[in-house]
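As provided, target_28.txt (compact mmCIF, C-alpha atoms) reads as follows.
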```txt
# COMPACT_ATOMS: atom_id res chain seq x y z
CA MET J 1447 -21.55 11.17 10.88
CA ASN J 1448 -22.50 8.69 13.60
CA ARG J 1449 -20.74 5.36 13.48
CA MET J 1450 -21.13 2.30 15.68
CA LYS J 1451 -17.87 0.76 16.84
CA SER J 1452 -17.16 -2.59 15.17
CA VAL J 1453 -16.34 -5.63 17.31
CA THR J 1454 -15.83 -9.05 15.81
CA THR J 1455 -14.92 -12.57 16.71
CA ASN J 1456 -12.82 -14.59 14.31
CA LYS J 1457 -13.41 -18.32 13.93
CA THR J 1458 -9.81 -19.08 13.02
CA GLN J 1459 -6.70 -17.37 14.22
CA THR J 1460 -3.18 -18.12 13.04
CA LYS J 1461 -0.57 -17.86 15.74
CA SER J 1462 2.49 -15.88 14.80
CA HIS J 1463 5.05 -13.58 16.37
CA ARG J 1464 4.92 -9.84 16.26
CA TYR J 1465 7.56 -8.36 14.01
CA LYS J 1466 9.86 -5.91 15.76
CA PRO J 1467 11.78 -3.45 13.59
CA PRO J 1468 15.50 -4.11 14.08
CA THR J 1469 18.15 -1.71 15.26
CA LEU J 1470 20.44 -1.33 12.29
CA PRO J 1471 24.18 -0.77 12.70
CA HIS J 1472 26.12 1.32 10.17
CA ALA J 1473 23.03 3.29 9.14
CA THR J 1474 21.57 6.61 10.13
CA PRO J 1475 17.99 6.86 11.42
CA SER J 1476 15.13 7.97 9.21
CA LEU J 1477 14.64 11.63 8.44
CA PRO J 1478 13.26 13.67 11.37
CA ARG J 1479 9.53 13.40 11.90
CA ARG J 1480 7.23 16.23 12.96
CA ARG J 1481 4.00 16.14 14.89
CA HIS J 1482 0.46 16.39 13.48
CA ARG J 1483 -1.59 19.17 14.97
CA ASN J 1484 -4.92 18.53 13.28
CA PRO J 1485 -5.70 14.81 12.80
CA LEU J 1486 -9.04 15.44 11.06
CA ARG J 1487 -7.68 17.48 8.16
CA ARG J 1488 -9.72 17.35 4.95
CA VAL J 1489 -8.10 18.03 1.59
CA LEU J 1490 -8.73 21.69 0.92
CA GLU J 1491 -5.79 23.16 -0.92
CA PRO J 1492 -2.19 22.13 -1.59
CA ARG J 1493 0.65 23.16 0.67
CA SER J 1494 4.37 23.06 0.05
CA PRO J 1495 6.10 19.83 1.12
CA GLU J 1496 8.21 21.85 3.56
CA SER J 1497 5.08 22.88 5.46
CA MET J 1498 3.58 19.41 5.63
CA GLU J 1499 3.39 17.82 9.05
CA SER J 1500 4.79 14.30 9.27
CA ALA J 1501 3.97 11.46 11.60
CA SER J 1502 5.41 11.43 15.11
CA GLU J 1503 4.77 8.60 17.53
CA LEU J 1504 3.82 5.28 15.98
CA GLU J 1505 1.51 2.65 17.42
CA PRO J 1506 -0.32 -0.55 16.37
CA PHE J 1507 -3.13 -0.11 13.85
CA VAL J 1508 -6.34 0.19 15.82
CA LEU J 1509 -8.27 -2.27 13.62
CA LEU J 1510 -5.89 -5.23 13.99
CA THR J 1511 -7.46 -8.23 15.70
CA THR J 1512 -6.24 -8.50 19.28
CA PRO J 1513 -4.18 -9.77 20.93
CA ILE J 1514 -1.81 -8.54 18.24
CA GLU J 1515 1.14 -10.56 19.52
CA SER J 1516 -0.57 -13.86 18.71
CA ASN J 1517 -2.69 -12.79 15.73
CA TYR J 1518 -0.45 -10.64 13.56
CA ARG J 1519 2.75 -11.15 11.60
CA ALA J 1520 3.57 -8.51 9.03
CA CYS J 1521 5.47 -10.63 6.50
CA THR J 1522 3.40 -13.08 4.47
CA ILE J 1523 6.13 -15.43 3.27
CA PRO J 1524 7.95 -17.60 5.86
CA TYR J 1525 11.60 -16.86 5.20
CA ARG J 1526 12.80 -19.34 7.84
CA PHE J 1527 11.47 -21.74 10.46
CA PRO J 1528 12.49 -22.26 14.11
CA SER J 1529 14.38 -25.43 13.16
CA ASP J 1530 16.63 -23.57 10.68
CA ASN J 1531 20.23 -22.81 11.60
CA PRO J 1532 20.26 -19.15 12.75
CA ARG J 1533 23.79 -18.68 11.38
CA LYS J 1534 23.02 -19.99 7.90
CA ALA J 1535 20.82 -18.22 5.35
CA THR J 1536 17.86 -20.29 4.18
CA PRO J 1537 17.11 -20.83 0.48
CA ASN J 1538 14.16 -18.45 0.79
CA GLU J 1539 16.31 -15.76 2.38
CA ILE J 1540 18.97 -16.12 -0.31
CA SER J 1541 16.33 -15.92 -3.03
CA TRP J 1542 14.98 -12.66 -1.62
CA ILE J 1543 18.42 -11.20 -1.01
CA GLU J 1544 19.20 -11.83 -4.69
CA LEU J 1545 15.86 -10.31 -5.72
CA PHE J 1546 16.81 -7.08 -3.95
CA GLY J 1547 20.31 -7.31 -5.39
CA ASN J 1548 18.85 -7.43 -8.89
CA SER J 1549 17.15 -4.08 -8.28
CA ILE J 1550 20.41 -2.28 -7.47
CA PRO J 1551 21.20 -1.26 -11.10
CA SER J 1552 17.80 0.42 -11.60
CA PHE J 1553 18.07 2.23 -8.26
CA LYS J 1554 21.62 3.31 -9.08
CA LYS J 1555 20.46 4.67 -12.43
CA ARG J 1556 17.69 6.71 -10.78
CA ALA J 1557 20.11 8.00 -8.15
CA GLU J 1558 22.64 9.09 -10.79
CA SER J 1559 19.99 11.27 -12.42
CA ASP J 1560 18.89 12.96 -9.17
CA GLU J 1561 19.57 16.62 -9.91
CA THR J 1562 18.90 17.64 -6.31
CA VAL J 1563 22.01 15.83 -5.06
CA THR J 1564 25.53 17.16 -5.59
CA ASP J 1565 27.91 14.64 -7.17
CA ALA J 1566 24.98 12.26 -7.65
CA LYS J 1567 26.90 9.85 -9.90
CA SER J 1568 29.63 9.24 -7.35
CA LYS J 1569 27.14 8.92 -4.51
CA ALA J 1570 24.99 6.52 -6.55
CA GLU J 1571 28.05 4.30 -6.93
CA LYS J 1572 28.57 4.42 -3.15
CA PHE J 1573 24.95 3.38 -2.65
CA ALA J 1574 25.29 0.43 -5.01
CA GLN J 1575 28.51 -0.69 -3.37
CA ARG J 1576 27.31 -0.25 0.22
CA TYR J 1577 23.93 -1.92 -0.27
CA GLY J 1578 25.51 -4.74 -2.27
CA GLU J 1579 27.96 -5.36 0.58
CA ILE J 1580 25.11 -5.50 3.09
CA LEU J 1581 23.28 -8.08 0.99
CA GLU J 1582 26.42 -10.21 0.73
CA ASP J 1583 26.88 -9.93 4.50
CA LEU J 1584 23.34 -11.23 5.02
CA LYS J 1585 24.03 -14.22 2.78
CA LYS J 1586 27.06 -15.13 4.90
CA ASP J 1587 25.50 -14.26 8.26
CA PRO J 1588 21.71 -13.81 8.30
CA GLU J 1589 21.88 -12.34 11.79
CA SER J 1590 24.00 -9.38 10.64
CA HIS J 1591 22.52 -5.90 10.05
CA GLY J 1592 19.51 -6.57 12.27
CA GLY J 1593 18.62 -9.86 10.57
CA PRO J 1594 17.41 -12.45 9.86
CA PRO J 1595 16.31 -10.84 6.59
CA ASP J 1596 12.76 -10.46 5.32
CA CYS J 1597 11.19 -8.04 2.86
CA ILE J 1598 10.72 -5.37 5.53
CA LEU J 1599 14.36 -5.44 6.66
CA LEU J 1600 15.69 -5.54 3.08
CA CYS J 1601 13.57 -2.50 2.17
CA ARG J 1602 14.57 -0.71 5.37
CA LEU J 1603 18.29 -1.24 4.75
CA ARG J 1604 18.02 0.02 1.17
CA GLU J 1605 16.19 3.19 2.19
CA GLN J 1606 18.57 3.89 5.06
CA VAL J 1607 21.63 3.52 2.85
CA LEU J 1608 20.10 5.95 0.31
CA ARG J 1609 19.30 8.50 3.01
CA GLU J 1610 22.67 8.05 4.72
CA ILE J 1611 24.44 8.93 1.47
CA GLY J 1612 22.17 11.93 0.82
CA PHE J 1613 19.38 10.72 -1.48
CA LYS J 1614 15.89 11.66 -0.26
CA ASP J 1615 13.66 10.88 -3.25
CA ILE J 1616 15.45 9.44 -6.30
CA PHE J 1617 12.13 8.73 -8.07
CA LYS J 1618 10.74 12.26 -7.65
CA LYS J 1619 11.16 13.26 -11.31
CA VAL J 1620 9.46 10.18 -12.75
CA LYS J 1621 6.67 10.42 -10.15
CA ASP J 1622 5.94 14.01 -11.15
CA GLU J 1623 5.94 13.08 -14.84
CA GLU J 1624 3.62 10.12 -14.37
CA ASN J 1625 1.30 12.08 -12.08
CA ALA J 1626 0.91 14.76 -14.76
CA LYS J 1627 0.09 12.16 -17.42
CA ALA J 1628 -2.42 10.38 -15.20
CA ILE J 1629 -4.14 13.61 -14.13
CA SER J 1630 -4.76 14.42 -17.80
CA LEU J 1631 -6.51 11.05 -18.22
CA PHE J 1632 -8.50 11.04 -14.96
CA GLU J 1633 -11.77 12.48 -16.25
CA HIS J 1634 -11.75 10.21 -19.31
CA VAL J 1635 -11.23 7.08 -17.19
CA VAL J 1636 -13.96 8.15 -14.75
CA ARG J 1637 -16.42 8.83 -17.60
CA LEU J 1638 -15.76 5.35 -19.02
CA ASN J 1639 -16.59 3.84 -15.64
CA ASP J 1640 -19.69 5.98 -15.18
CA ALA J 1641 -21.00 4.83 -18.56
CA ILE J 1642 -21.29 1.25 -17.26
CA GLU J 1643 -24.86 1.04 -15.95
CA ASP J 1644 -24.68 -2.37 -14.27
CA SER J 1645 -23.28 -1.90 -10.74
CA GLY J 1646 -21.48 -5.24 -10.65
CA LYS J 1647 -19.82 -4.73 -14.03
CA ARG J 1648 -18.82 -1.21 -13.06
CA LEU J 1649 -17.26 -2.54 -9.85
CA GLU J 1650 -15.25 -5.15 -11.76
CA ASN J 1651 -14.06 -2.50 -14.20
CA LEU J 1652 -12.93 -0.34 -11.28
CA VAL J 1653 -11.08 -3.29 -9.75
CA ARG J 1654 -9.39 -4.02 -13.08
CA GLY J 1655 -8.35 -0.37 -13.15
CA ILE J 1656 -6.66 -0.82 -9.77
CA PHE J 1657 -4.70 -3.80 -11.11
CA ALA J 1658 -3.76 -1.95 -14.29
CA GLY J 1659 -2.56 1.08 -12.34
CA ASN J 1660 -0.61 -1.11 -9.94
CA ILE J 1661 1.72 -2.13 -12.78
CA PHE J 1662 3.46 1.24 -12.34
CA ASP J 1663 5.89 -0.21 -9.79
CA LEU J 1664 9.54 0.74 -10.19
CA GLY J 1665 10.54 -1.45 -7.24
CA SER J 1666 10.27 -4.44 -9.56
CA ALA J 1667 13.50 -4.77 -11.58
CA GLN J 1668 11.65 -6.29 -14.54
CA LEU J 1669 8.94 -3.63 -14.64
CA ALA J 1670 11.48 -0.87 -14.11
CA GLU J 1671 13.31 -2.04 -17.24
CA VAL J 1672 10.10 -2.25 -19.26
CA PHE J 1673 9.02 1.20 -18.09
CA SER J 1674 12.38 2.79 -18.97
CA LYS J 1675 12.17 1.40 -22.52
CA ASP J 1676 8.52 1.59 -23.52
CA GLY J 1677 6.51 3.30 -20.79
CA MET J 1678 3.13 1.88 -19.84
CA SER J 1679 -0.39 2.40 -21.14
CA PHE J 1680 -3.11 2.30 -18.50
CA LEU J 1681 -5.99 1.48 -20.86
CA ALA J 1682 -3.95 -1.20 -22.64
CA SER J 1683 -3.00 -2.69 -19.26
CA CYS J 1684 -6.69 -2.93 -18.32
CA GLN J 1685 -7.31 -5.06 -21.41
CA ASN J 1686 -4.24 -7.25 -20.96
CA LEU J 1687 -4.71 -8.45 -17.38
CA VAL J 1688 -4.42 -12.20 -16.84
CA ALA J 1689 -7.74 -14.00 -17.20
CA ARG J 1690 -9.90 -14.83 -14.21
CA PRO J 1691 -9.95 -16.72 -11.98
CA TRP J 1692 -6.96 -14.94 -10.47
CA VAL J 1693 -4.62 -16.67 -8.04
CA ILE J 1694 -6.79 -15.33 -5.17
CA ASP J 1695 -10.17 -14.27 -6.49
CA ASP J 1696 -12.91 -13.26 -4.05
CA LEU J 1697 -14.32 -10.59 -6.35
CA ASP J 1698 -17.64 -12.38 -6.95
CA ILE J 1699 -18.21 -12.67 -3.19
CA PHE J 1700 -17.48 -8.99 -2.77
CA LYS J 1701 -19.79 -8.17 -5.68
CA LEU J 1702 -22.69 -9.78 -3.83
CA ARG J 1703 -22.05 -7.60 -0.78
CA TRP J 1704 -21.56 -4.53 -2.98
CA SER J 1705 -24.82 -5.13 -4.87
CA LYS J 1706 -26.86 -5.13 -1.65
CA LYS J 1707 -25.63 -1.59 -0.97
CA PHE J 1708 -25.67 -2.38 2.74
CA TRP J 1709 -23.04 -3.64 5.12
CA LYS J 1710 -23.07 -5.59 8.34
CA LYS J 1711 -22.13 -3.60 11.38
CA ALA J 1712 -20.32 -6.27 13.35
CA SER J 1713 -21.22 -4.80 16.74
CA LEU J 1714 -24.96 -4.88 16.02
CA PRO J 1715 -27.49 -7.73 16.25
CA LEU J 1716 -27.98 -9.62 12.98
CA TYR J 1717 -31.53 -8.35 12.47
CA THR J 1718 -30.37 -4.72 12.41
CA TYR J 1719 -27.37 -4.87 10.09
CA ARG J 1720 -29.33 -4.35 6.88
CA PHE J 1721 -30.06 -0.74 7.83
CA TYR J 1722 -26.41 0.30 7.94
CA SER J 1723 -24.34 1.07 4.85
CA VAL J 1724 -20.56 1.24 4.60
CA LEU J 1725 -19.88 4.52 6.36
CA LEU J 1726 -16.09 4.54 6.45
CA ALA J 1727 -13.45 2.87 4.28
CA VAL J 1728 -9.70 3.13 4.90
CA ILE J 1729 -7.42 2.55 1.90
CA PHE J 1730 -3.66 2.11 2.23
CA VAL J 1731 -2.44 3.43 -1.12
CA ASP J 1732 0.62 2.42 -3.11
CA ASN J 1733 2.29 3.97 -6.17
CA SER J 1734 2.16 7.40 -7.77
CA GLY J 1735 0.93 7.99 -11.31
CA ALA J 1736 -1.65 5.67 -12.83
CA ASP J 1737 -1.86 3.56 -9.69
CA ILE J 1738 -3.25 6.21 -7.36
CA ILE J 1739 -4.87 8.51 -9.96
CA LEU J 1740 -6.43 6.09 -12.45
CA GLY J 1741 -6.76 3.05 -10.21
CA ILE J 1742 -7.51 3.94 -6.58
CA LEU J 1743 -9.12 7.37 -6.97
CA PRO J 1744 -11.88 6.25 -9.40
CA PHE J 1745 -12.70 3.46 -6.93
CA ALA J 1746 -12.65 5.90 -4.00
CA ARG J 1747 -14.88 8.26 -5.99
CA GLU J 1748 -17.39 5.44 -6.46
CA LEU J 1749 -17.41 4.87 -2.70
CA LEU J 1750 -17.98 8.60 -2.15
CA ARG J 1751 -20.87 8.53 -4.58
CA ARG J 1752 -22.42 5.73 -2.50
CA GLY J 1753 -22.22 7.89 0.63
CA THR J 1754 -19.06 6.42 2.12
CA GLN J 1755 -16.43 8.46 3.90
CA VAL J 1756 -13.01 7.50 2.53
CA VAL J 1757 -9.63 7.80 4.24
CA LEU J 1758 -6.59 7.45 1.99
CA ALA J 1759 -3.48 6.52 4.00
CA ALA J 1760 -0.23 7.48 2.26
CA ASN J 1761 3.45 7.20 3.17
CA ASP J 1762 5.12 9.74 5.42
CA LEU J 1763 8.42 9.70 3.51
CA PRO J 1764 9.39 8.84 -0.09
CA SER J 1765 10.17 5.22 -0.96
CA ILE J 1766 10.60 4.02 -4.55
CA ASN J 1767 7.74 5.55 -6.59
CA ASP J 1768 5.14 5.31 -3.83
CA VAL J 1769 2.94 8.35 -3.41
CA THR J 1770 3.56 10.35 -0.24
CA TYR J 1771 1.16 12.23 1.99
CA PRO J 1772 2.17 15.71 0.69
CA GLU J 1773 2.07 14.51 -2.92
CA LEU J 1774 -1.38 13.00 -2.52
CA ILE J 1775 -2.78 16.24 -1.12
CA GLU J 1776 -1.45 18.10 -4.16
CA ILE J 1777 -2.86 15.49 -6.56
CA ILE J 1778 -6.35 15.70 -5.05
CA ALA J 1779 -6.25 19.49 -5.15
CA LYS J 1780 -5.45 19.39 -8.87
CA LEU J 1781 -8.23 16.90 -9.63
CA LYS J 1782 -10.99 18.72 -7.78
CA ASP J 1783 -12.97 21.44 -9.53
CA GLU J 1784 -13.97 24.82 -8.11
CA LYS J 1785 -16.94 23.17 -6.35
CA GLY J 1786 -14.70 20.71 -4.53
CA GLN J 1787 -15.93 17.82 -6.67
CA LEU J 1788 -14.20 14.92 -8.40
CA VAL J 1789 -15.93 14.89 -11.81
CA GLY J 1790 -19.34 15.67 -10.35
CA VAL J 1791 -18.98 13.77 -7.07
CA ASP J 1792 -18.73 15.67 -3.78
CA ALA J 1793 -15.27 15.07 -2.25
CA SER J 1794 -15.91 16.63 1.16
CA ASN J 1795 -15.88 13.16 2.72
CA LEU J 1796 -12.47 12.32 1.27
CA LEU J 1797 -9.78 12.46 3.95
CA ILE J 1798 -6.03 12.07 3.59
CA ALA J 1799 -3.97 10.55 6.41
CA ASN J 1800 -0.25 10.23 6.95
CA SER J 1801 0.23 6.51 7.63
CA GLY J 1802 3.56 7.06 9.37
CA ASN J 1803 5.18 4.56 7.01
CA ASP J 1804 8.35 5.14 4.98
CA LEU J 1805 8.69 1.84 3.08
CA PRO J 1806 6.98 0.16 0.10
CA VAL J 1807 5.82 -2.55 2.52
CA ILE J 1808 4.12 -1.91 5.86
CA ASP J 1809 4.22 -3.33 9.36
CA LEU J 1810 0.83 -2.46 10.86
CA THR J 1811 2.20 -2.49 14.39
CA SER J 1812 3.70 0.92 13.54
CA VAL J 1813 1.25 3.48 12.13
CA SER J 1814 0.56 7.11 12.96
CA GLN J 1815 -1.75 8.26 15.71
CA GLU J 1816 -3.55 10.38 13.12
CA LEU J 1817 -4.46 7.32 11.07
CA ASN J 1818 -5.74 5.48 14.13
CA TYR J 1819 -7.86 8.48 15.09
CA LEU J 1820 -9.54 8.46 11.68
CA ALA J 1821 -9.84 4.68 11.30
CA THR J 1822 -11.31 3.69 14.66
CA ASP J 1823 -14.85 2.94 13.42
CA ALA J 1824 -14.04 1.82 9.89
CA ASP J 1825 -16.29 -0.69 8.14
CA LEU J 1826 -13.77 -1.67 5.47
CA VAL J 1827 -9.96 -1.70 5.26
CA ILE J 1828 -8.22 -2.00 1.88
CA LEU J 1829 -4.51 -2.70 1.52
CA GLU J 1830 -3.47 -2.02 -2.06
CA GLY J 1831 -0.33 -3.10 -3.86
CA MET J 1832 2.03 -6.04 -3.76
CA GLY J 1833 4.12 -4.60 -0.93
CA ARG J 1834 1.30 -3.68 1.47
CA GLY J 1835 -1.32 -6.27 0.55
CA ILE J 1836 0.58 -9.37 -0.60
CA GLU J 1837 4.22 -9.45 0.54
CA THR J 1838 3.00 -8.10 3.86
CA ASN J 1839 -0.46 -8.36 5.45
CA LEU J 1840 -2.04 -10.91 3.10
CA TYR J 1841 -3.18 -12.91 6.12
CA ALA J 1842 -3.68 -9.97 8.48
CA GLN J 1843 -6.96 -10.15 10.43
CA PHE J 1844 -9.01 -7.06 11.21
CA LYS J 1845 -11.98 -6.07 13.34
CA CYS J 1846 -13.87 -5.13 10.18
CA ASP J 1847 -14.13 -6.41 6.61
CA SER J 1848 -10.96 -6.15 4.57
CA ILE J 1849 -9.63 -6.38 1.02
CA LYS J 1850 -6.06 -7.11 -0.01
CA ILE J 1851 -5.62 -6.21 -3.67
CA GLY J 1852 -2.57 -6.07 -5.90
CA MET J 1853 -0.65 -7.50 -8.81
CA VAL J 1854 2.03 -10.19 -8.39
CA LYS J 1855 5.22 -8.70 -9.85
CA HIS J 1856 7.93 -10.88 -8.30
CA PRO J 1857 8.45 -14.51 -9.44
CA GLU J 1858 9.15 -15.47 -5.83
CA VAL J 1859 5.69 -14.24 -4.79
CA ALA J 1860 4.01 -15.99 -7.72
CA GLN J 1861 5.70 -19.24 -6.76
CA PHE J 1862 4.65 -18.90 -3.12
CA LEU J 1863 1.02 -18.27 -4.09
CA GLY J 1864 1.00 -20.96 -6.77
CA GLY J 1865 0.07 -18.43 -9.46
CA ARG J 1866 1.51 -16.72 -12.50
CA LEU J 1867 3.77 -13.71 -12.79
CA TYR J 1868 1.51 -10.64 -13.15
CA ASP J 1869 -1.37 -12.62 -11.69
CA CYS J 1870 -3.86 -10.69 -9.55
CA VAL J 1871 -4.90 -10.96 -5.92
CA PHE J 1872 -8.32 -9.88 -4.67
CA LYS J 1873 -8.68 -11.29 -1.17
CA TYR J 1874 -11.86 -10.32 0.66
CA ASN J 1875 -12.35 -11.20 4.31
CA GLU J 1876 -15.72 -10.72 5.95
CA VAL J 1877 -15.91 -10.44 9.73
CA SER J 1878 -18.20 -12.63 11.79
CA VAL J 1879 -21.34 -11.08 13.24
CA VAL J 1880 -21.91 -11.26 16.97
```
Starting from the coordinates I provided, produce the structure as structure tokens.
Amino acid sequence: MNRMKSVTTNKTQTKSHRYKPPTLPHATPSLPRRRHRNPLRRVLEPRSPESMESASELEPFVLLTTPIESNYRACTIPYRFPSDNPRKATPNEISWIELFGNSIPSFKKRAESDETVTDAKSKAEKFAQRYGEILEDLKKDPESHGGPPDCILLCRLREQVLREIGFKDIFKKVKDEENAKAISLFEHVVRLNDAIEDSGKRLENLVRGIFAGNIFDLGSAQLAEVFSKDGMSFLASCQNLVARPWVIDDLDIFKLRWSKKFWKKASLPLYTYRFYSVLLAVIFVDNSGADIILGILPFARELLRRGTQVVLAANDLPSINDVTYPELIEIIAKLKDEKGQLVGVDASNLLIANSGNDLPVIDLTSVSQELNYLATDADLVILEGMGRGIETNLYAQFKCDSIKIGMVKHPEVAQFLGGRLYDCVFKYNEVSVV
């Protein structure tokens, strides 16, 4: 497939500093990473997790607007300002520290039930105590533990404490259970979408499916409690989304572009763009279960049906209930039929990439070389989920069109955006044409 490289100029650029991952005392480094040998690997058949190749060297995402140092800041919410006392936690920092503190009981409960870890109950208590102490330290001294704190650091500390104590994937059991349920519903959900003849209405239904699937987020203390009591119904969630307009709602603008079935190639003269369709879309995926299987994959299938090559970028290592690279390969293999199709749609142009990430949020200055190799000439970047598309990267600028899509599941995020809890974000940014 021939693709023209995209080059854009942005009319407005917000100056910010580049986030640098801190060096954390009292914590062990992430699990060892292994090198990719074949960066252009299509999904053919599942392999065991032990044989999967993980990301090695990390580098800035190739589609970020340059210079990155002055155009990109990973975290969306300003936790502090230059005028704030560096030795005193700001109200925003305290609010977020408490938010992460409120999630400790649900994480402890999951850790206690991890049958792969010896003496899990005792170790879960150690996790709760250690992480709670770190959060209290950050309240007293925001510069401790690699601070000042933001959502990336708070996630990083939590994952490192879990791994230090011996927990590798405390949500593995619930992920497997939810994946199995969602796989059984995949064809039905796809058929419902296919039955919608109007392209615009079908697109909106697919987008609503992404929001409904994104509810399966066990990083949210409130949703984790609801899930443990009652479970979640994907189809019911589709019907019960908050009414439009959403807190950020660019869906109608995107519908117009979608309906034309053609896309601007930013590196080409204006009079030629109408002859080029979306050839490559990169989607940073989020949760397991209904999120990836009933939300993202039906949308990706629709892109494939329109002739688009799709790259799904998944986490290198487990974090909360986010789907990982090995898990996603297995899911796709189970969904495809003997002809390599996803309910009648050829999936040969569906690629899976290891993003190099190991958190439920993402700093795009650190992604895998494999992902950059695949994404170089992308026409569309999609960041899905509250962690990747709202709490981080909401204002990220790219060299191609982009969508940030997710559900607001933290009151602090709803307040910052001026919206409602469980409100929806569909932010579409279109690049300028040279």
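From atom CA of Asn1639 of chain J back to atom CA of Leu1652 of chain J, the distance works out to 7.1 Å.
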_Distance in Å - atom CA of Glu1773 of chain J versus atom CA of Glu1624 of chain J_ =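 Computed distance, atom CA of Glu1773 of chain J to atom CA of Glu1624 of chain J, equals 12.4 Å.
The space between atom CA of Ser1812 of chain J and atom CA of Leu1504 of chain J spans 5.0 Å.
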*Hey, what's within 12 Å of Asp1622 of chain J if we count all atoms listed in the file and toss same-chain stuff fewer than 2 positions away? As a list in words, please?*
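The residues that qualify are Asp1615, Ile1616, Phe1617, Lys1618, Lys1619, Val1620, Glu1624, Asn1625, Ala1626, Lys1627, Ala1628, Ile1629, Asn1733, Ser1734, Gly1735, Ala1736, Asn1767, Asp1768, Val1769, Thr1770, Glu1773, Leu1774, Glu1776 and Ile1777 of chain J.
The smallest atom-to-atom distance between Phe1657 of chain J and any of J:Phe1700, J:Phe1872, J:Tyr1819, J:Tyr1525, using all atoms listed in the file, is found for J:Phe1872.
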Skip Arg1648 of chain J itself and residues of its chain fewer than 2 positions away, then list as a compact mmCIF listing (two decimals) with C-alpha atoms, in the frame of the given file all residues within 12 Å of it, counting all atoms listed in the file.
```txt
# COMPACT_ATOMS: atom_id res chain seq x y z
CA VAL J 1635 -11.23 7.08 -17.19
CA VAL J 1636 -13.96 8.15 -14.75
CA ARG J 1637 -16.42 8.83 -17.60
CA LEU J 1638 -15.76 5.35 -19.02
CA ASN J 1639 -16.59 3.84 -15.64
CA ASP J 1640 -19.69 5.98 -15.18
CA ALA J 1641 -21.00 4.83 -18.56
CA ILE J 1642 -21.29 1.25 -17.26
CA GLU J 1643 -24.86 1.04 -15.95
CA ASP J 1644 -24.68 -2.37 -14.27
CA SER J 1645 -23.28 -1.90 -10.74
CA GLY J 1646 -21.48 -5.24 -10.65
CA GLU J 1650 -15.25 -5.15 -11.76
CA ASN J 1651 -14.06 -2.50 -14.20
CA LEU J 1652 -12.93 -0.34 -11.28
CA VAL J 1653 -11.08 -3.29 -9.75
CA ARG J 1654 -9.39 -4.02 -13.08
CA GLY J 1655 -8.35 -0.37 -13.15
CA LYS J 1701 -19.79 -8.17 -5.68
CA TRP J 1704 -21.56 -4.53 -2.98
CA SER J 1705 -24.82 -5.13 -4.87
CA PRO J 1744 -11.88 6.25 -9.40
CA PHE J 1745 -12.70 3.46 -6.93
CA GLU J 1748 -17.39 5.44 -6.46
```
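In this comparison, which uses only C-alpha atoms, the residue of J:Phe1573, J:Trp1692, J:Phe1862, J:Phe1613 approaching Ser1765 of chain J most closely is J:Phe1613.
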*Tell me which of J:Gln1787, J:Asn1686, J:Ser1630, J:Asn1803 sits closest to Cys1601 of chain J, counting all atoms listed in the file.*
J:Asn1803
*asked:* Which residue is closest to Gly1593 of chain J? Choose from J:Arg1533, J:Glu1858, J:Val1607, J:Phe1553 and count all atoms listed in the file.
replied: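 Closest to Gly1593 of chain J, using all atoms listed in the file: J:Arg1533.
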Because the input lacks atoms here, generate N, CA, C and O atoms for segment 1746-1753 of chain J and report them as a tab-separated table (two decimals), in the coordinates of the input.
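Final file, part_24.tsv:
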```tsv
chain	number	residue	atom	x	y	z
J	1746	ALA	N	-12.28	5.08	-5.16
J	1746	ALA	CA	-12.65	5.90	-4.00
J	1746	ALA	C	-13.81	6.83	-4.35
J	1746	ALA	O	-14.71	7.05	-3.53
J	1747	ARG	N	-13.79	7.38	-5.55
J	1747	ARG	CA	-14.88	8.26	-5.99
J	1747	ARG	C	-16.20	7.50	-6.01
J	1747	ARG	O	-17.26	8.05	-5.64
J	1748	GLU	N	-16.17	6.25	-6.45
J	1748	GLU	CA	-17.39	5.44	-6.46
J	1748	GLU	C	-17.91	5.21	-5.05
J	1748	GLU	O	-19.11	5.26	-4.80
J	1749	LEU	N	-17.00	5.01	-4.10
J	1749	LEU	CA	-17.41	4.87	-2.70
J	1749	LEU	C	-18.03	6.18	-2.21
J	1749	LEU	O	-19.06	6.16	-1.52
J	1750	LEU	N	-17.43	7.30	-2.55
J	1750	LEU	CA	-17.98	8.60	-2.15
J	1750	LEU	C	-19.38	8.79	-2.71
J	1750	LEU	O	-20.28	9.30	-2.03
J	1751	ARG	N	-19.57	8.38	-3.93
J	1751	ARG	CA	-20.87	8.53	-4.58
J	1751	ARG	C	-21.93	7.68	-3.87
J	1751	ARG	O	-23.12	8.02	-3.88
J	1752	ARG	N	-21.50	6.60	-3.24
J	1752	ARG	CA	-22.42	5.73	-2.50
J	1752	ARG	C	-22.63	6.20	-1.06
J	1752	ARG	O	-23.29	5.53	-0.28
J	1753	GLY	N	-22.02	7.33	-0.71
J	1753	GLY	CA	-22.22	7.89	0.63
J	1753	GLY	C	-21.20	7.47	1.65
J	1753	GLY	O	-21.39	7.68	2.85
```
